[in-house]
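To start, the structure itself, in structure tokens.
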There are 8 protein chains.
Amino acid sequence: MNAPDDRTADLGFARVDVERAARTGDPEVIFGAGKTPEQIASILRTLHERHPERAVLATRLSPEAMTAAAAVGAEVHPVARAATLGPLPTPRGVVGIVSAGTSDAPVAAEAALSVAVHGAAPLEIRDVGVAGLHRLLAVRDTLDEVDVLIVVAGMEGALPSVVGGLVGTPLIAVPTSVGYGASFGGLAALLGMLNSCAPGITVVNIDNGYGAGVAAARICRVGQRGASSLAPPLPSQPRGNTP
Amino acid sequence: MNAPDDRTADLGFARVDVERAARTGDPEVIFGAGKTPEQIASILRTLHERHPERAVLATRLSPEAMTAAAAVGAEVHPVARAATLGPLPTPRGVVGIVSAGTSDAPVAAEAALSVAVHGAAPLEIRDVGVAGLHRLLAVRDTLDEVDVLIVVAGMEGALPSVVGGLVGTPLIAVPTSVGYGASFGGLAALLGMLNSCAPGITVVNIDNGYGAGVAAARICRVGQRGASSLAPPLPSQPRGNTP
Amino acid sequence: MNAPDDRTADLGFARVDVERAARTGDPEVIFGAGKTPEQIASILRTLHERHPERAVLATRLSPEAMTAAAAVGAEVHPVARAATLGPLPTPRGVVGIVSAGTSDAPVAAEAALSVAVHGAAPLEIRDVGVAGLHRLLAVRDTLDEVDVLIVVAGMEGALPSVVGGLVGTPLIAVPTSVGYGASFGGLAALLGMLNSCAPGITVVNIDNGYGAGVAAARICRVGQRGASSLAPPLPSQPRGNTP
Amino acid sequence: MNAPDDRTADLGFARVDVERAARTGDPEVIFGAGKTPEQIASILRTLHERHPERAVLATRLSPEAMTAAAAVGAEVHPVARAATLGPLPTPRGVVGIVSAGTSDAPVAAEAALSVAVHGAAPLEIRDVGVAGLHRLLAVRDTLDEVDVLIVVAGMEGALPSVVGGLVGTPLIAVPTSVGYGASFGGLAALLGMLNSCAPGITVVNIDNGYGAGVAAARICRVGQRGASSLAPPLPSQPRGNTP
Amino acid sequence: MNAPDDRTADLGFARVDVERAARTGDPEVIFGAGKTPEQIASILRTLHERHPERAVLATRLSPEAMTAAAAVGAEVHPVARAATLGPLPTPRGVVGIVSAGTSDAPVAAEAALSVAVHGAAPLEIRDVGVAGLHRLLAVRDTLDEVDVLIVVAGMEGALPSVVGGLVGTPLIAVPTSVGYGASFGGLAALLGMLNSCAPGITVVNIDNGYGAGVAAARICRVGQRGASSLAPPLPSQPRGNTP
Amino acid sequence: MNAPDDRTADLGFARVDVERAARTGDPEVIFGAGKTPEQIASILRTLHERHPERAVLATRLSPEAMTAAAAVGAEVHPVARAATLGPLPTPRGVVGIVSAGTSDAPVAAEAALSVAVHGAAPLEIRDVGVAGLHRLLAVRDTLDEVDVLIVVAGMEGALPSVVGGLVGTPLIAVPTSVGYGASFGGLAALLGMLNSCAPGITVVNIDNGYGAGVAAARICRVGQRGASSLAPPLPSQPRGNTP
Amino acid sequence: MNAPDDRTADLGFARVDVERAARTGDPEVIFGAGKTPEQIASILRTLHERHPERAVLATRLSPEAMTAAAAVGAEVHPVARAATLGPLPTPRGVVGIVSAGTSDAPVAAEAALSVAVHGAAPLEIRDVGVAGLHRLLAVRDTLDEVDVLIVVAGMEGALPSVVGGLVGTPLIAVPTSVGYGASFGGLAALLGMLNSCAPGITVVNIDNGYGAGVAAARICRVGQRGASSLAPPLPSQPRGNTP
Amino acid sequence: MNAPDDRTADLGFARVDVERAARTGDPEVIFGAGKTPEQIASILRTLHERHPERAVLATRLSPEAMTAAAAVGAEVHPVARAATLGPLPTPRGVVGIVSAGTSDAPVAAEAALSVAVHGAAPLEIRDVGVAGLHRLLAVRDTLDEVDVLIVVAGMEGALPSVVGGLVGTPLIAVPTSVGYGASFGGLAALLGMLNSCAPGITVVNIDNGYGAGVAAARICRVGQRGASSLAPPLPSQPRGNTP
């Protein structure tokens with residue numbers, strides 16, 4: 001038995017939520033891992049037909065899946081291992097995506113593409129690592145000017161702490177599985193970012209460039225919808241001079 | 001040897017960075033754990049004298065430290081186990097702080113106070129848990145109207161996933177150490193939030209209400225400084241129809 | 001030396017317990033992982049010959065093993081990666097099997113088939129996830145009417161908490177290994193379910209749809225054998241008004 | 001801001017869900033850890049006044065909390081570290097609670113009391129451990145006659161596997177934190193139970209006697225409400241002889 | 001630079017300790033994992049030529065390595081994935097090797113062969129698991145009569161606890177990597193055995209049948225060399241009636 | 001309900017197995033952790049009255065429990081934090097207990113006393129650590145002459161590997177919780193011992209001197225009961241020259 | 001039995017290695033954790049009497065132990081929680097000890113004192129953290145001029161990576177247990193340092209300032225004993241242009 | 001956007017830091033894992049052209065990458081799985097590289113080659129393990145004469161403790177992933193080395209022969225640049241006789 005729901009499209013092997021955008025303002029996204037190239041192409045086409053005016057994103061694609069996506073008219077992004085079908089939205093706000101090395105490039109590219117698909121402009125800042133501070137300091141003004149920062153790093157994951165000490169921009173840290181031995185598949189970088197001594201850093205799952213891109217694009221929308229209709233309340237907890 | 005630096009105040013037992021605000025836009029904050037009540041009171045007063053026009057925040061205070069803070073004129077916030085000295089800034093933007101139970105109250109209160117000190121208005125939404133969906137659905141409009149959401153939860157940490165499925169607001173999840181046995185001091189909630197099936201959720205360290213508050217207040221500033229001076233660039237990765 | 005035992009059949013490479021049913025009321029089951037297709041087919045046939053009147057179940061089958069099972073007359077269940085040989089029992093009671101996505105389908109299908117083989121009727125409820133509450137609320141009456149619920153989820157494993165907050169039906173949670181990064185092969189979902197804030201949820205091993213199905217079918221038998229012959233005793237611990 | 005809800009009672013420091021019973025058929029329960037004796041006594045009284053015809057349960061009580069509970073008329077259960085206020089329901093079904101040693105007694109007693117409060121009759125079977133099989137075999141008939149079994153064990157947690165090999169009764173395993181060194185606070189027992197070679201065992205969190213009791217009592221209700229109104233459907237997955 | 005040592009044979013790619021037997025009374029053993037078939041065959045031959053009067057053992061062999069070992073005259077033991085070259089010693093003492101299922105057979109067979117090569121007689125007792133106690137009780141006399149027991153088990157690893165509760169024979173527990181999900185590659189079985197409630201159980205590494213065999217054969221030698229020449233001393237710690 | 005059993009003595013708060021000796025040849029032992037001084041004294045006296053001709057051992061005693069034990073006539077062993085009541089058996093065989101430092105002394109003393117109570121003669125060899133090999137080499141002859149070795153070590157737990165490389169005596173390794181930081185409460189030592197490159201080492205739980213003592217004393221009994229009545233069988237696995 | 005050894009002094013409760021200096025060139029050190037103030041004072045005095053010409057170091061001292069040490073003439077170092085007795089050696093080489101905050105001060109001070117006791121000159125560089133790069137860049141020349149660097153950091157442990165990217169000085173990283181939640185007692189910092197992207201960093205145990213100091217002082221001795229008597233050999237592995 | 005930097009060479013797929021040597025005194029190194037043979041060959045050639053007077057090192061090479069490296073004129077080192085292009089520097093100082101078995105050979109060889117490339121002379125000391133102390137004692141003089149020791153070990157990782165107890169030479173421990181079961185991919189060896197009871201040992205990541213080689217060569221440079229220009233300061237912490 002399937003849950004009755006007229007907001008979904010039934011593809012036989014899956015039912016696809018075609019009204020998520022109305023609910024959250026986000027486009028449809030297909031997580032490609034574990035799906036066949038045919039399934040991915042089919043879902044891309046179905047979602048595109050329902051809403052041809054906005055982009056559909058497919059991530060975690062194998063080379064075969066990228067070929068299948070291209071065959072239904074999708075634009076393929078090889079570094080990001082992803083594909084898009086339909087026009088990207090007009091970007092509002094700029095998201096800087098900072099990464100250190102070529103090993104982290106796929107995660108950074110997935111983040112950049114996800115930013116674009118969700119309605120903001122990505123600006124990739126590459127080859128800046130903690131072991132070469134001069135490169136980082138050379139782009140400090142840019143770090144200050146973007147609306148949001150995504151910082152991607154593997155191994156010890158120290159880059160977000162250093163960037164977060166330089167600027168007050170909202171910063172989303174993405175640990176990657178790049179490393180070996182005691183990196184334990186990205187755990188070292190994840191723990192490092194969660195324990196950052198630079199305040200205000202938030203973290204997503206290991207290799208989750210997509211999630212970071214969604215969060216960053218949503219942040220860019222904040223303030224663009226006009227003043228909040230909620231009257232700014234006072235802090236709600238009890239106050240007083242004695243504990 | 002101390003690093004030479006005219007941007008710090010030397011208190012004997014510590015040198016305090018008094019110009020962090022100029023660098024990141026944030027107020028000064030004292031992490032009270034591991035400091036004596038006398039040290040905390042002394043740092044509070046020193047920082048306040050340098051910049052009496054803005055608030056200083058002290059967190060993780062023992063009852064004795066709260067008394068010492070009150071003695072130097074600070075306002076004490078018992079539930080948040082924190083104190084502030086100096087006027088709070090005029091709030092820009094509203095941050096909803098969602099929590100389920102009384103056990104999570106201290107972390108939620110620390111988040112709310114940190115939001116206020118960093119320049120946004122906190123709105124606490126309490127007693128909404130995944131095991132009682134009706135309460136959550138009753139406040140759905142509010143969840144949609146705030147600029148940012150902080151969702152605090154211990155045990156299995158499922159609340160951010162449920163809230164994140166309802167709205168597209170930027171959402172920061174705070175795992176707490178509430179639980180026992182296989183919660184492993186908050187690890188279960190932390191892992192749950194990092195693996196959320198609701199996209200766009202970002203996570204901070206266990207019990208880190210302060211960090212979530214800083215991040216949320218920074219997000220409220222986005223878009224309020226006018227259009228970014230950066231021209232929205234195109235996505236920077238190579239494109240094409242073939243992988 | 002083999003343990004002497006006339007309740008087993010010796011197949012050379014294995015001795016099979018053919019009287020388990022008499023002892024526990026359950027059918028014979030072959031755990032296929034690590035066995036060759038020939039071994040699986042041979043055990044299926046041997047067990048079927050001893051008790052042609054009831055079904056034998058083989059789980060965790062490779063495509064080759066499914067082919068070999070079909071060759072000895074077994075019915076193959078591709079999604080569940082399983083096969084049955086012999087007639088299924090008349091079902092007593094209904095077990096709802098709730099799952100969110102296509103990735104969890106193999107585990108849900110294994111649970112459903114195990115329920116049927118062990119004597120209850122499975123009712124699969126698919127495509128209901130915590131990030132889309134409306135689908136879940138749409139099937140709430142069904143969740144209430146079944147005798148037992150099996151809830152299958154990967155990633156953060158929050159679905160059992162949400163379902164368990166809606167109904168008082170016995171609920172068995174099955175974490176799956178679906179996820180990446182900090183899901184640690186299903187550990188995040190497992191910990192989430194063990195720490196659920198919804199009371200009365202019990203949990204099985206990661207990906208163990210079979211074990212959940214056995215437990216659920218056994219629960220359906222409770223009360224169907226008539227009133228317990230045991231006189232309901234009073235609670236056995238000491239009582240009193242002072243600790 | 002509190003979530004508006006007329007189904008709760010506001011006690012100042014907490015809002016209490018007084019209609020959970022209508023929703024799930026369970027009584028109200030207070031998790032005492034982290035609450036003051038005064039808070040516990042106050043919640044007990046409030047809940048009792050709303051529904052004097054049914055019992056309220058408070059668990060994880062300190063000696064002081066037990067004294068405070070007794071002062072408002074509650075019955076105190078010292079071994080279970082719990083208290084009840086109001087009449088217990090008439091038991092339906094019998095739950096056997098099996099444990100090995102005196103160290104596991106508090107968890108077993110909490111399970112037994114939770115069973116009674118949730119409407120079934122507990123039958124404690126003590127001093128049966130895997131290292132003394134003769135005691136276990138001596139009570140085998142009883143293990144077979146109860147409706148549900150709760151098996152409590154610390155250290156290596158092997159007892160559920162042995163009991164589960166003897167009978168086909170629904171069995172809920174409760175790992176306890178009894179042990180030292182590589183027991184890692186009950187982790188060894190928890191993993192042992194999750195990996196049991198006896199099929200159909202389900203598991204709750206470490207030391208969670210309450211959760212096991214709730215689940216067991218709910219199972220006792222199955223089949224007592226008459227035949228399910230749902231027509232027993234056929235297994236829902238595709239079938240066929242070829243994979 | 002190689003450590004100068006006339007007790008070793010230099011094979012170019014390795015230097016082999018040919019006098020270990022004089023030092024510990026044990027034969028030479030080749031750990032085959034990570035060595036090429038040619039290397040294994042070469043070491044087997046070299047060691048055999050030095051001491052043709054006693055057996056050499058090679059473990060963890062691939063099928064190719066077994067073929068290469070056979071080509072130099074070694075006897076191959078396929079289930080144990082091992083080979084021996086040279087005559088086995090006359091056995092002194094009997095070691096019972098208890099295991100539950102076919103999945104544990106390779107580890108049990110490696111243990112049995114290691115026992116034989118190190119000078120004791122192995123007696124395999126198969127198909128006895130905790131979920132079928134009757135088989136175990138049927139061989140209880142044998143468990144009592146052997147000099148040492150090796151108990152091999154995967155999954156929850158409960159078998160050593162049950163066997164250890166029946167007899168006072170020295171017992172070596174071998175956890176295996178058989179299992180899935182929360183067995184974490186044998187960790188669950190290892191922790192279970194280390195925390196056994198049956199006293200006097202000792203444990204070896206996961207899948208280490210060889211190590212268990214060495215230890216068991218050494219135990220069989222105890223007491224066979226005549227009374228210890230050491231005068232039995234009194235317990236050496238301070239005594240007295242007051243702490 | 002208690003399991004009916006005439007082999008136990010009921011003390012109200014516990015039922016004590018008074019016939020374990022008949023079953024396993026071991027004396028009665030009381031694990032003192034978690035028991036009150038009064039309970040410990042009461043069990044000591046009860047067990048002693050049943051079998052005044054043999055010793056009862058109580059371990060893990062607090063200072064108060066040692067005083068209570070002395071008051072009922074027990075001999076107290078302060079370093080081992082233990083007490084005995086009744087005459088020790090005549091020792092058969094000698095067990096060497098090797099340890100490095102004063103921090104490991106309590107575990108070594110518990111092991112030595114357990115050896116004595118279970119019927120062998122302990123010989124403590126102290127102050128030999130891997131970082132001072134000359135001390136170890138000075139006692140090499142003694143290491144060779146004892147029947148069994150217990151090697152106690154904390155921190156990295158390397159001592160058993162070094163001792164095990166010198167002699168072929170059966171060797172039981174006991175990791176201790178001595179250490180800090182990344183010793184993780186003895187986990188580092190435990191893993192080190194399980195992975196020892198010296199073959200034939202077996203391991204017990206962290207700080208489990210008692211378990212090591214039981215195992216060692218049992219080994220001393222091997223061979224002393226005369227030749228095994230079991231005919232030495234041939235190795236039971238299939239043999240042949242081809243894999 | 002104690003290992004016979006004329007290189008040790010027997011104090012009753014411990015035997016102290018008084019010739020370690022001859023063997024390794026290091027002074028005697030007392031690890032104070034777990035020793036009574038009286039024991040520490042006694043060992044200090046004994047070691048000092050044997051070799052009054054060189055310093056003895058005692059670490060991990062409680063306030064009471066510091067008082068006892070002062071009473072036998074030792075110099076107390078409160079921040080380092082340590083004491084020394086006897087003259088410090090003339091320093092050879094300079095060791096820079098870099099730390100970020102007041103929380104890491106005890107570990108940094110222990111490292112500095114250990115450096116001095118082992119024969120090098122410590123130079124503490126405080127208040128430089130990754131979140132305030134300007135302080136670190138201000139001392140860059142100093143970082144370059146010292147012979148060895150010890151970098152102490154808790155939380156995410158990123159400081160060694162940043163320092164290691166600036167200079168080629170030998171660098172020893174010391175993770176501290178400063179942090180909370182997912183720092184897991186210093187594990188996050190430890191993993192971060194082990195996975196540093198800056199090459200040539202080595203790491204010691206959590207909070208092990210002493211070990212870092214020993215290693216740093218030993219490095220300062222390198223090259224000061226004149227050219228190695230060993231002729232520089234060529235790299236010893238096979239070379240060639242084809243793999 | 002790439003960080004503007006004239007110290008790097010842009011290869012299209014990567015920008016290479018060609019001035020690292022000026023900054024840290026180290027040569028350029030290519031971490032080959034995750035790069036294609038073509039990329040590795042291209043980077044080798046580019047770096048060599050910029051600075052033909054010094055060597056470039058490429059590590060973690062597949063056989064294909066070694067072939068590609070040879071094709072651009074690099075010298076291939078098969079055991080180390082590495083290649084060098086350009087002349088090695090004149091060695092200053094000698095680094096002893098100690099390892100136990102053939103399984104650790106690749107890591108030891110990578111360390112030796114890294115030592116040579118970074119300007120010191122490697123001296124490999126093979127086949128010395130803790131389970132054969134006589135080999136180790138035979139090379140003790142050599143251990144004393146080298147300037148630095150690198151000790152490579154897998155399994156329990158005990159070798160550094162034993163070597164560190166013999167000599168006072170700076171010692172870098174390299175855990176390897178050699179082992180199985182509870183070695184957890186080198187974690188057991190890593191923890192063992194971090195917890196070594198021999199003082200002054202520092203540790204690098206699992207299998208990180210390269211990092212150990214860099215650190216060792218840097219240590220050899222210490223003292224060779226003449227006396228430090230820094231005046232040896234006094235220890236910087238407060239002193240006094242009372243705590």
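Residue numbers start at 1 in each chain; chains themselves are named A, B, ... in the order of the structure tokens; ligands are numbered from 1 in the order shown.
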- request: Going by DSSP on the backbone, which bits of range 6-125 of chain F are helix (DSSP H, G or I)? Write them as a PyMOL selection string, please.
  value: chain F and resi 20-24+37-50+63-71+102-117
Counting only C-alpha atoms, what are the residues of chain E within 7 Å of chain C, and for each of them which pair of atoms is the nearest and at what distance in Å, to one decimal? Sort the table by chain and rising number, as a tab-separated table.
residue	atom	partner	partner_atom	distance
E:Thr102	CA	C:Ala14	CA	6.3
E:Leu123	CA	C:Met1	CA	6.7
E:Glu124	CA	C:Met1	CA	5.4
E:Ile125	CA	C:Met1	CA	5.1
E:Arg126	CA	C:Asn2	CA	5.1
E:Asp127	CA	C:Ala3	CA	6.6
E:Val128	CA	C:Ala3	CA	6.8
E:Arg135	CA	C:Ala3	CA	5.9
E:Ala138	CA	C:Ala3	CA	6.8
E:Val139	CA	C:Ala3	CA	6.2
E:Gly181	CA	C:Ile206	CA	4.8
E:Ala182	CA	C:Asn205	CA	6.2
Since we have the selection now, will you write its residues out, keeping N, CA and C atoms, as a tab-separated table (two decimals), in the first residue's frame?
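File out.tsv, as written:
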chain	number	residue	atom	x	y	z
E	102	THR	N	28.39	-23.48	10.31
E	102	THR	CA	29.31	-23.65	9.19
E	102	THR	C	30.11	-22.38	8.92
E	123	LEU	N	39.97	-32.23	18.99
E	123	LEU	CA	38.70	-32.96	18.90
E	123	LEU	C	37.62	-31.94	18.58
E	124	GLU	N	37.17	-31.89	17.32
E	124	GLU	CA	36.19	-30.87	16.95
E	124	GLU	C	34.78	-31.27	17.36
E	125	ILE	N	34.07	-30.37	17.97
E	125	ILE	CA	32.69	-30.58	18.41
E	125	ILE	C	31.86	-29.49	17.73
E	126	ARG	N	31.13	-29.89	16.69
E	126	ARG	CA	30.48	-28.90	15.82
E	126	ARG	C	28.99	-28.82	16.04
E	127	ASP	N	28.40	-27.78	15.49
E	127	ASP	CA	26.95	-27.62	15.45
E	127	ASP	C	26.33	-27.53	16.83
E	128	VAL	N	27.06	-26.94	17.78
E	128	VAL	CA	26.46	-26.70	19.09
E	128	VAL	C	26.41	-25.19	19.31
E	135	ARG	N	21.72	-29.71	22.02
E	135	ARG	CA	22.93	-30.30	21.41
E	135	ARG	C	24.14	-30.14	22.33
E	138	ALA	N	24.08	-32.51	25.21
E	138	ALA	CA	24.34	-33.88	24.80
E	138	ALA	C	25.84	-34.22	24.78
E	139	VAL	N	26.68	-33.21	24.70
E	139	VAL	CA	28.13	-33.48	24.65
E	139	VAL	C	28.83	-33.02	25.93
E	181	GLY	N	26.02	-5.82	10.23
E	181	GLY	CA	25.48	-4.66	10.95
E	181	GLY	C	26.27	-4.36	12.20
E	182	ALA	N	25.59	-4.37	13.34
E	182	ALA	CA	26.21	-4.00	14.60
E	182	ALA	C	27.15	-5.07	15.15
Pick from B:Val115, B:Arg50, B:Phe31, B:Pro170, whichever lies nearest to Cys197 in chain A using only C-alpha atoms: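 Ranked by minimum distance to Cys197 in chain A, first place goes to B:Phe31.
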message: Quick check, in Å to one decimal: how far apart do CA of Ser196 in chain F and CA of Pro160 in chain F lie?
response: 7.7 Å
